[in-house]
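Pasted below: my_file37.txt, compact mmCIF, C-alpha atoms.
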# COMPACT_ATOMS: atom_id res chain seq x y z
CA MET A 143 6.92 3.26 15.61
CA LYS A 144 5.08 0.04 15.91
CA MET A 145 6.78 -3.22 14.98
CA LYS A 146 3.95 -4.28 12.73
CA LEU A 147 4.18 -1.14 10.70
CA LEU A 148 7.88 -1.72 10.19
CA ALA A 149 7.22 -5.34 9.30
CA LEU A 150 4.73 -4.27 6.65
CA MET A 151 7.25 -1.83 5.25
CA ALA A 152 9.74 -4.69 5.13
CA VAL A 153 7.19 -6.84 3.30
CA PHE A 154 6.91 -4.12 0.72
CA LEU A 155 10.58 -3.36 0.43
CA PHE A 156 12.07 -6.77 0.43
CA ALA A 157 9.42 -9.15 -0.51
CA THR A 158 6.98 -7.17 -2.02
CA THR A 159 -3.05 -1.02 -6.12
CA PRO A 160 -4.87 0.50 -5.81
CA ALA A 161 -7.66 -0.38 -3.42
CA ARG A 162 -9.85 0.98 -6.13
CA ALA A 163 -8.41 -1.54 -8.56
CA GLN A 164 -9.30 -4.40 -6.25
CA ALA A 165 -12.66 -4.64 -7.96
CA ALA A 166 -10.82 -6.67 -10.59
CA PHE A 167 -10.09 -9.39 -8.04
CA PRO A 168 -11.88 -12.47 -9.35
CA VAL A 169 -13.42 -13.60 -6.05
CA ASP A 170 -15.44 -11.73 -3.46
CA THR A 171 -13.67 -12.05 -0.10
CA SER A 172 -15.59 -9.40 1.83
CA LYS A 173 -17.33 -11.93 4.09
CA LEU A 174 -14.01 -13.50 5.03
CA ALA A 175 -12.64 -10.12 6.00
CA GLU A 176 -15.46 -9.70 8.50
CA ARG A 177 -14.51 -12.93 10.29
CA ALA A 178 -10.75 -12.93 9.97
CA GLU A 179 -8.52 -11.99 12.86
CA GLU A 180 -5.97 -10.56 10.49
CA THR A 181 -6.39 -9.42 6.92
CA THR A 182 -3.53 -8.39 4.65
CA THR A 183 -3.84 -7.17 1.11
CA VAL A 184 -0.84 -6.64 -1.14
CA SER A 185 -1.58 -4.95 -4.45
CA LEU A 186 1.26 -4.38 -6.85
CA ASP A 187 0.48 -3.06 -10.30
CA LYS A 188 3.08 -3.16 -13.09
CA ASN A 189 4.74 0.03 -11.94
CA MET A 190 5.01 -1.05 -8.31
CA LEU A 191 6.23 -4.48 -9.36
CA GLN A 192 9.12 -2.89 -11.21
CA PHE A 193 9.91 -0.91 -8.08
CA ALA A 194 9.71 -3.92 -5.78
CA SER A 195 11.81 -5.99 -8.18
CA LYS A 196 14.75 -3.65 -7.68
CA PHE A 197 15.07 -4.97 -4.14
CA LEU A 198 15.50 -8.55 -5.19
CA SER A 199 18.99 -9.76 -4.53
CA SER A 200 21.60 -10.50 -7.20
CA SER A 201 21.33 -14.26 -6.65
CA ASN A 202 20.44 -16.40 -9.68
CA GLU A 203 17.08 -17.25 -8.12
CA ASP A 204 16.14 -13.62 -7.64
CA GLN A 205 17.43 -12.65 -11.07
CA GLU A 206 15.09 -15.23 -12.54
CA ALA A 207 12.24 -13.75 -10.49
CA ARG A 208 13.13 -10.29 -11.83
CA ARG A 209 13.01 -11.58 -15.40
CA ILE A 210 9.58 -13.10 -14.79
CA ILE A 211 8.00 -10.05 -13.19
CA ALA A 212 9.32 -7.75 -15.91
CA ASN A 213 6.55 -9.20 -18.09
CA LEU A 214 3.81 -9.24 -15.46
CA ASP A 215 1.03 -6.65 -15.19
CA GLY A 216 0.29 -7.11 -11.50
CA ILE A 217 0.32 -9.32 -8.42
CA TYR A 218 -2.58 -9.11 -6.00
CA VAL A 219 -2.55 -11.08 -2.77
CA ARG A 220 -5.13 -11.38 -0.02
CA THR A 221 -4.44 -13.27 3.17
CA PHE A 222 -6.96 -14.00 5.91
CA GLU A 223 -5.86 -15.44 9.23
CA PHE A 224 -8.45 -16.82 11.62
CA LYS A 225 -8.32 -17.28 15.36
CA ALA A 226 -9.89 -20.72 15.30
CA PRO A 227 -9.75 -23.62 12.84
CA ASN A 228 -12.77 -24.27 10.60
CA SER A 229 -13.60 -20.60 10.33
CA TYR A 230 -14.57 -21.18 6.73
CA SER A 231 -16.62 -24.00 5.27
CA ALA A 232 -15.96 -26.42 2.43
CA ALA A 233 -18.95 -24.90 0.64
CA GLU A 234 -17.35 -21.46 0.88
CA LEU A 235 -14.14 -22.83 -0.60
CA GLN A 236 -16.12 -24.37 -3.41
CA GLY A 237 -17.70 -20.96 -3.99
CA PHE A 238 -14.25 -19.39 -4.37
CA ARG A 239 -13.38 -22.01 -6.98
CA ARG A 240 -16.54 -21.43 -9.02
CA PRO A 241 -15.35 -18.39 -11.07
CA PHE A 242 -12.57 -20.58 -12.47
CA SER A 243 -14.80 -23.31 -13.80
CA GLY A 244 -15.37 -21.46 -17.09
CA PRO A 245 -13.56 -22.23 -20.36
CA GLU A 246 -11.09 -19.36 -19.91
CA TRP A 247 -9.45 -20.97 -16.90
CA SER A 248 -7.65 -24.30 -16.59
CA HIS A 249 -7.26 -26.05 -13.28
CA ILE A 250 -3.66 -27.22 -13.47
CA VAL A 251 -2.84 -28.14 -9.88
CA SER A 252 -4.92 -29.49 -7.05
CA VAL A 253 -3.14 -30.60 -3.91
CA HIS A 254 -4.68 -31.86 -0.74
CA SER A 255 -2.52 -32.70 2.25
CA LYS A 256 -4.29 -34.86 4.78
CA GLU A 257 -1.54 -34.46 7.33
CA ALA A 258 -1.46 -30.68 7.28
CA ASP A 259 -5.12 -30.47 6.30
CA ASP A 260 -4.48 -27.92 3.61
CA ASP A 261 -5.49 -27.47 -0.02
CA THR A 262 -3.77 -25.70 -2.87
CA ASP A 263 -5.41 -25.01 -6.22
CA VAL A 264 -3.69 -23.35 -9.15
CA TYR A 265 -5.60 -22.09 -12.17
CA VAL A 266 -4.21 -20.49 -15.32
CA ARG A 267 -6.07 -18.18 -17.68
CA LEU A 268 -5.52 -19.09 -21.30
CA VAL A 269 -5.97 -16.65 -24.17
CA ASN A 270 -5.33 -18.09 -27.65
CA GLY A 271 -3.38 -20.92 -26.07
CA GLU A 272 -1.12 -18.60 -24.07
CA VAL A 273 -1.13 -18.23 -20.30
CA LYS A 274 -2.18 -14.68 -19.46
CA GLY A 275 -2.81 -15.01 -15.76
CA MET A 276 -2.81 -17.27 -12.77
CA PHE A 277 -4.89 -17.69 -9.67
CA ILE A 278 -3.79 -19.57 -6.56
CA LEU A 279 -6.02 -20.56 -3.71
CA SER A 280 -4.24 -21.85 -0.66
CA ALA A 281 -6.41 -23.03 2.20
CA GLU A 282 -4.89 -23.95 5.54
CA LYS A 283 -6.68 -24.70 8.80
CA GLN A 284 -6.56 -21.11 10.01
CA GLU A 285 -5.44 -19.24 6.94
CA LEU A 286 -6.73 -18.57 3.45
CA THR A 287 -4.53 -17.00 0.79
CA PHE A 288 -5.60 -15.84 -2.65
CA VAL A 289 -3.01 -14.83 -5.23
CA HIS A 290 -3.97 -13.30 -8.55
CA ILE A 291 -1.15 -12.83 -11.04
CA LEU A 292 -1.83 -10.85 -14.21
CA GLY A 293 0.28 -11.34 -17.30
CA PRO A 294 2.24 -14.12 -18.98
CA ILE A 295 3.49 -16.66 -16.47
CA ARG A 296 4.38 -20.32 -16.66
CA PRO A 297 3.45 -22.66 -13.81
CA GLU A 298 7.14 -23.39 -13.24
CA ASP A 299 7.80 -19.65 -12.79
CA LEU A 300 5.80 -19.73 -9.60
CA THR A 301 8.61 -21.40 -7.69
CA HIS A 302 10.82 -18.36 -8.43
CA LEU A 303 8.18 -15.92 -7.18
CA SER A 304 7.07 -17.78 -4.08
CA GLY A 305 8.23 -16.14 -0.89
CA ASN A 306 8.30 -12.77 -2.63
CA PHE A 307 5.61 -10.14 -3.18
CA GLY A 308 3.33 -11.67 -0.56
CA ILE A 309 3.08 -14.97 -2.46
CA PRO A 310 3.21 -17.90 -0.03
CA ARG A 311 6.49 -19.79 -0.07
CA HIS A 312 6.52 -22.65 -2.57
CA PRO A 313 2.78 -23.13 -2.91
CA MET A 314 3.48 -25.69 -5.62
CA ALA A 315 6.23 -27.56 -3.80
CA LYS A 316 3.86 -30.40 -3.19
CA GLU A 317 2.20 -30.11 -6.55
CA GLN A 318 0.85 -33.19 -8.22
CA PRO A 319 -0.81 -32.88 -11.60
CA ARG A 320 -4.46 -33.76 -11.54
CA LYS A 321 -5.21 -37.08 -13.15
CA GLU A 322 -7.54 -35.61 -15.76
CA ASP A 323 -4.95 -32.97 -16.71
CA SER A 324 -2.18 -35.45 -17.26
CA GLN A 325 -4.26 -37.55 -19.58
CA MET B 18 29.72 37.54 24.60
CA LYS B 19 30.96 33.95 24.83
CA PRO B 20 32.24 32.45 21.57
CA ILE B 21 30.07 29.64 20.21
CA ASP B 22 31.47 26.22 21.03
CA SER B 23 32.71 24.41 17.89
CA ARG B 24 30.60 21.39 18.82
CA TRP B 25 27.44 23.53 18.69
CA THR B 26 28.57 25.00 15.40
CA ALA B 27 28.84 21.49 13.98
CA ILE B 28 25.37 20.59 15.29
CA LEU B 29 23.90 23.75 13.77
CA VAL B 30 25.52 22.98 10.42
CA ILE B 31 24.14 19.42 10.49
CA LEU B 32 20.66 20.64 11.40
CA ALA B 33 20.78 23.23 8.63
CA LEU B 34 21.82 20.52 6.17
CA ALA B 35 19.08 18.24 7.46
CA ALA B 36 16.51 20.97 6.97
CA THR B 37 17.52 21.33 3.34
CA LEU B 38 16.98 17.61 2.82
CA VAL B 39 13.35 17.76 3.89
CA PRO B 40 11.97 18.56 0.48
CA PRO B 41 9.57 21.43 0.06
CA ALA B 42 6.09 20.67 -1.21
CA SER B 43 7.05 21.63 -4.73
CA ALA B 44 9.85 19.04 -4.87
CA ASP B 45 7.52 16.07 -4.93
CA ASP B 46 4.22 17.86 -5.31
CA PHE B 47 3.02 16.55 -1.97
CA ASN B 48 2.65 18.74 1.08
CA PHE B 49 2.90 16.58 4.18
CA ASN B 50 2.31 19.53 6.51
CA HIS B 51 -0.91 20.37 4.71
CA LEU B 52 -2.10 16.78 5.04
CA VAL B 53 -1.32 16.74 8.77
CA SER B 54 -3.19 20.04 9.28
CA SER B 55 -6.21 18.83 7.37
CA ILE B 56 -6.33 15.64 9.47
CA GLU B 57 -6.11 17.73 12.64
CA GLN B 58 -9.07 19.78 11.47
CA ARG B 59 -11.18 16.88 10.27
CA TYR B 60 -10.77 14.72 13.37
CA ASP B 61 -10.14 17.50 15.89
CA ILE B 62 -6.84 16.01 17.02
CA ARG B 63 -3.29 17.36 17.42
CA HIS B 64 -0.03 15.81 16.42
CA GLU B 65 3.01 15.65 18.68
CA HIS B 66 6.28 17.29 17.74
CA ILE B 67 9.04 14.73 17.22
CA PRO B 68 12.46 16.23 17.99
CA PHE B 69 15.43 15.74 15.66
CA LEU B 70 13.28 14.34 12.87
CA GLY B 71 15.16 16.46 10.34
CA LEU B 72 18.39 14.97 11.61
CA ALA B 73 16.95 11.46 11.35
CA SER B 74 15.92 12.20 7.77
CA PHE B 75 19.40 13.46 7.02
CA CYS B 76 20.97 10.35 8.57
CA ALA B 77 18.64 8.07 6.54
CA HIS B 78 19.56 9.97 3.39
CA VAL B 79 23.30 9.67 4.05
CA TYR B 80 23.14 6.08 5.32
CA THR B 81 21.23 4.85 2.25
CA ARG B 82 23.44 6.90 -0.12
CA GLY B 83 20.48 8.98 -1.23
CA GLY B 84 18.11 6.02 -1.47
CA VAL B 85 15.74 7.38 1.18
CA ARG B 86 14.89 11.04 1.52
CA GLY B 87 12.38 13.38 3.07
CA LEU B 88 11.39 11.22 6.03
CA ARG B 89 8.45 12.84 7.81
CA ILE B 90 6.48 11.49 10.75
CA ALA B 91 3.37 12.85 12.43
CA ASP B 92 2.16 11.07 15.54
CA PHE B 93 -1.33 11.72 16.91
CA PRO B 94 -1.25 10.00 20.33
CA ASP B 95 -4.79 10.97 21.31
CA ALA B 96 -6.61 10.18 18.11
CA GLY B 97 -9.30 8.34 20.06
CA THR B 98 -11.22 5.36 18.83
CA SER B 99 -13.71 7.26 16.70
CA ILE B 100 -11.52 7.29 13.58
CA GLY B 101 -12.47 4.38 11.36
CA ALA B 102 -9.92 2.91 8.96
CA ASN B 103 -12.32 3.08 6.03
CA ASP B 104 -13.16 6.70 6.75
CA LEU B 105 -9.47 7.53 7.12
CA ASP B 106 -8.71 5.75 3.84
CA SER B 107 -11.48 7.63 2.00
CA TYR B 108 -10.28 10.91 3.42
CA LEU B 109 -6.61 10.28 2.66
CA HIS B 110 -7.46 9.14 -0.83
CA SER B 111 -9.48 12.30 -1.48
CA GLU B 112 -6.62 14.42 -0.14
CA LEU B 113 -3.88 12.55 -1.99
CA GLY B 114 -5.63 12.21 -5.33
CA GLU B 115 -5.81 9.56 -8.02
CA SER B 116 -2.07 9.39 -8.62
CA TRP B 117 -1.66 7.49 -5.34
CA SER B 118 -2.50 3.85 -4.89
CA ILE B 119 -2.71 1.47 -1.95
CA ILE B 120 -0.05 -1.20 -2.11
CA VAL B 121 -0.47 -2.84 1.29
CA ARG B 122 -3.41 -2.83 3.63
CA SER B 123 -3.60 -4.76 6.87
CA HIS B 124 -6.17 -5.10 9.63
CA THR B 125 -5.92 -6.90 12.96
CA LYS B 126 -9.21 -7.35 14.73
CA SER B 127 -8.07 -8.05 18.29
CA THR B 128 -5.67 -5.10 18.53
CA ARG B 129 -7.84 -2.85 16.35
CA GLU B 130 -4.81 -2.01 14.27
CA ASP B 131 -5.02 -0.88 10.67
CA THR B 132 -2.11 -0.08 8.42
CA ILE B 133 -2.43 1.35 4.94
CA ILE B 134 0.56 2.01 2.70
CA TYR B 135 -0.01 4.39 -0.20
CA ALA B 136 2.53 4.85 -2.97
CA ARG B 137 3.10 7.16 -5.86
CA SER B 138 5.80 6.97 -8.48
CA HIS B 139 7.49 9.25 -10.90
CA GLY B 140 10.20 7.52 -12.88
CA ASP B 141 12.63 6.01 -10.41
CA GLN B 142 11.32 8.22 -7.59
CA TYR B 143 8.71 6.76 -5.26
CA ILE B 144 6.90 8.32 -2.34
CA LEU B 145 5.33 6.18 0.33
CA LEU B 146 2.76 7.37 2.83
CA ILE B 147 2.04 5.00 5.69
CA ALA B 148 -1.00 5.47 7.89
CA ASP B 149 -1.11 3.36 11.02
CA LEU B 150 -4.16 3.42 13.24
CA ASN B 151 -3.58 1.57 16.47
CA GLY B 152 -6.22 1.92 19.15
CA ASN B 153 -6.00 5.52 20.26
CA GLU B 154 -2.99 6.39 18.19
CA LEU B 155 -2.66 7.49 14.59
CA SER B 156 0.75 7.71 12.93
CA LEU B 157 1.57 9.05 9.51
CA VAL B 158 4.94 8.41 7.92
CA LYS B 159 6.07 9.79 4.59
CA LEU B 160 9.29 8.92 2.85
CA GLY B 161 10.69 9.33 -0.60
CA MET B 162 12.75 6.60 -2.22
CA ASP B 163 15.05 6.57 -5.19
CA ALA B 164 14.73 3.03 -6.49
CA GLU B 165 18.00 3.00 -8.38
CA LYS B 166 20.04 4.43 -5.50
CA LEU B 167 18.39 2.07 -3.03
CA ARG B 168 19.11 -0.88 -5.30
CA LYS B 169 22.78 0.10 -5.53
CA TRP B 170 22.94 0.55 -1.77
CA ILE B 171 21.38 -2.87 -1.12
CA SER B 172 23.61 -4.48 -3.73
CA LYS B 173 26.74 -2.97 -2.13
CA ARG B 174 25.69 -4.29 1.27
CA GLU B 175 25.07 -7.74 -0.22
CA ASN B 176 28.51 -7.77 -1.80
CA ARG B 177 30.11 -6.67 1.45
CA GLU B 178 28.31 -9.42 3.39
CA ARG B 179 29.38 -11.97 0.79
CA ALA B 180 32.99 -10.82 1.11
CA PHE B 181 32.84 -11.43 4.86
CA ASP B 182 31.33 -14.91 4.46

In structure tokens, how does this file's structure come out?
Amino acid sequence: MKMKLLALMAVFLFATTPARAQAAFPVDTSKLAERAEETTTVSLDKNMLQFASKFLSSSNEDQEARRIIANLDGIYVRTFEFKAPNSYSAAELQGFRRPFSGPEWSHIVSVHSKEADDDTDVYVRLVNGEVKGMFILSAEKQELTFVHILGPIRPEDLTHLSGNFGIPRHPMAKEQPRKEDSQ
Amino acid sequence: MKPIDSRWTAILVILALAATLVPPASADDFNFNHLVSSIEQRYDIRHEHIPFLGLASFCAHVYTRGGVRGLRIADFPDAGTSIGANDLDSYLHSELGESWSIIVRSHTKSTREDTIIYARSHGDQYILLIADLNGNELSLVKLGMDAEKLRKWISKRENRERAFD
């Protein structure tokens, strides 16, 4: 059997929707999929999250991750890898950020690394003052990753989930609160 | 008549045991053979027989302490390039029904490889169906997993590794 297939199984088993439920994804990525060299979609609803969580190790870090995902309703990840740099434009990126400019969402983290030329944006969805969801947009030179987390989650919880379930490793490691948010 | 060699008797017993571990359709309400036949008819392709698959399933079951069961593989080496991933997904979804969902989907443009992993759960029991379309070849893999048993198995292995560290 092909190595990639086994690797994908491993992603599901150890890290790790319905395609029909993907309509709920807050941004339209269909145009990216046409241009990307590699596209990966991980869709874990509540039920599948509980299943995947059983494969987390017994370490304190993973136990914390298990506690967090017990309350989540789903994790949906889309990754697009491109053959060449600049396969997406700044205007396109801005378009992906637009759905989160409404009052329901708060932009809590915005990181730009000049050296690595990558951007990370983290938004949280607030309902009656409580965080009910999170959206992460990670843009690297040749890779775009979108993570949509449904359910109650604190920004600091993200460090426990990163590297699991298709979520990029430590997307907030370089986080710096935006000036306007810290005021 | 020559008496049957004890080695062959052992092999026959193992194969018989392995056969009993490949669950019938009624066990998980999913008939893999039916799905393979319907794909053969729809795309006019034939799957290749994989020898000792029952034995492999048995070994996986024993090795994972019951965590993995009912491993089935159907390989269609001459599927051709006419099968589209979206068409295959639509067809598989219509055959599998609403109780199944896609958990992972991957596409690589340069190698024309598509992988779709479907899953269905019932309590702690999960069934995965993996469809891999790679150029001319289509592979279908089905396996059942008992989440609790797999967790215990993984946990035991972790503890053993820690003890060796």

**Study point:** Atomic distance atom CA of Val169 of chain A - atom CA of Gln236 of chain A, expressed in Å with one decimal
**Key:**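 These two atoms are separated by 11.4 Å.
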
Select, as a PDB file with C-alpha atoms, keeping the file's coordinate frame, those residues of chain B with any atom no more than 6 Å from chain A (distances computed using all atoms listed in the file).
ATOM      1  CA  SER B 118      -2.500   3.850  -4.890  1.00  0.00           C
ATOM      2  CA  ILE B 119      -2.710   1.470  -1.950  1.00  0.00           C
ATOM      3  CA  ILE B 120      -0.050  -1.200  -2.110  1.00  0.00           C
ATOM      4  CA  VAL B 121      -0.470  -2.840   1.290  1.00  0.00           C
ATOM      5  CA  ARG B 122      -3.410  -2.830   3.630  1.00  0.00           C
ATOM      6  CA  SER B 123      -3.600  -4.760   6.870  1.00  0.00           C
ATOM      7  CA  HIS B 124      -6.170  -5.100   9.630  1.00  0.00           C
ATOM      8  CA  THR B 125      -5.920  -6.900  12.960  1.00  0.00           C
ATOM      9  CA  LYS B 126      -9.210  -7.350  14.730  1.00  0.00           C
ATOM     10  CA  ARG B 168      19.110  -0.880  -5.300  1.00  0.00           C
TER      11      ARG B 168
END

Point to revise | Pick from B:Gly161, B:Asp104, B:Asp95, B:Lys169, whichever lies nearest to Ala77 of chain B using only C-alpha atoms | key: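 Under the stated criterion, the closest residue is B:Gly161.
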
Padded axis-aligned box of segment 150-165 of chain B (4 Å per side), centre and edge lengths, Å, one decimal, as JSON:
{"center_x": 5.9, "center_y": 5.7, "center_z": 5.9, "size_x": 32.2, "size_y": 16.2, "size_z": 36.6}

Practice item. Kindly give the distance, in Å, that separates atom CA of Leu88 of chain B and atom CA of Asn153 of chain B, rounded to a single decimal. Key: 23.2 Å

Practice item. Would you mind reading off the distance between atom CA of Leu105 of chain B and atom CA of Thr132 of chain B, one decimal, in Å? Key: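 Separation between atom CA of Leu105 of chain B and atom CA of Thr132 of chain B: 10.7 Å.
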
Practice item. Tell me which protein, DNA and RNA residues are within 9 Å of Met276 of chain A, counting all atoms listed in the file, leaving out same-chain ones fewer than 2 positions away, and put them as a list of chain:residue names. Key: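 Non-adjacent residues within range: A:Trp247, A:Val264, A:Tyr265, A:Val266, A:Arg267, A:Val273, A:Lys274, A:Ile278, A:Val289, A:His290, A:Ile291, A:Leu292, A:Gly293, A:Pro294, A:Ile295, A:Arg296, A:Pro297.
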
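When the distance limit is 12 Å and all atoms listed in the file are what count, the residues near Ser231 of chain A, minus those fewer than 5 positions from it on the same chain, are Leu174, Gln236, Gly237, Phe238, Ala281, Glu282, Lys283, Gln284 and Leu286 of chain A.
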
Exercise for review: Find the residues around Ala164 of chain B up to 8 Å (all atoms listed in the file counted), leave out those fewer than 2 positions away in its own chain, and share them as a count of residues only.
Suggested key: 10

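Near Cys76 of chain B, within 10 Å and counting all atoms listed in the file, sit Ile31, Ala35, Leu70, Gly71, Leu72, Tyr80, Thr81, Arg82, Gly83, Val85, Arg86 and Leu88 of chain B, not including residues fewer than 4 positions from it in the same chain.
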
Exercise for review: For Glu203 of chain A, please output as a list in words all residues within 8 Å (counting all atoms listed in the file; exclusion window: fewer than 3 positions along the same chain).
Suggested key: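 My list of contacting residues is Glu206, Ala207 and His302 of chain A.
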
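Proximity ranking of B:Asp163, B:Asp149, B:Glu154, B:Glu178 relative to Glu65 of chain B places B:Glu154 first, based on all atoms listed in the file.
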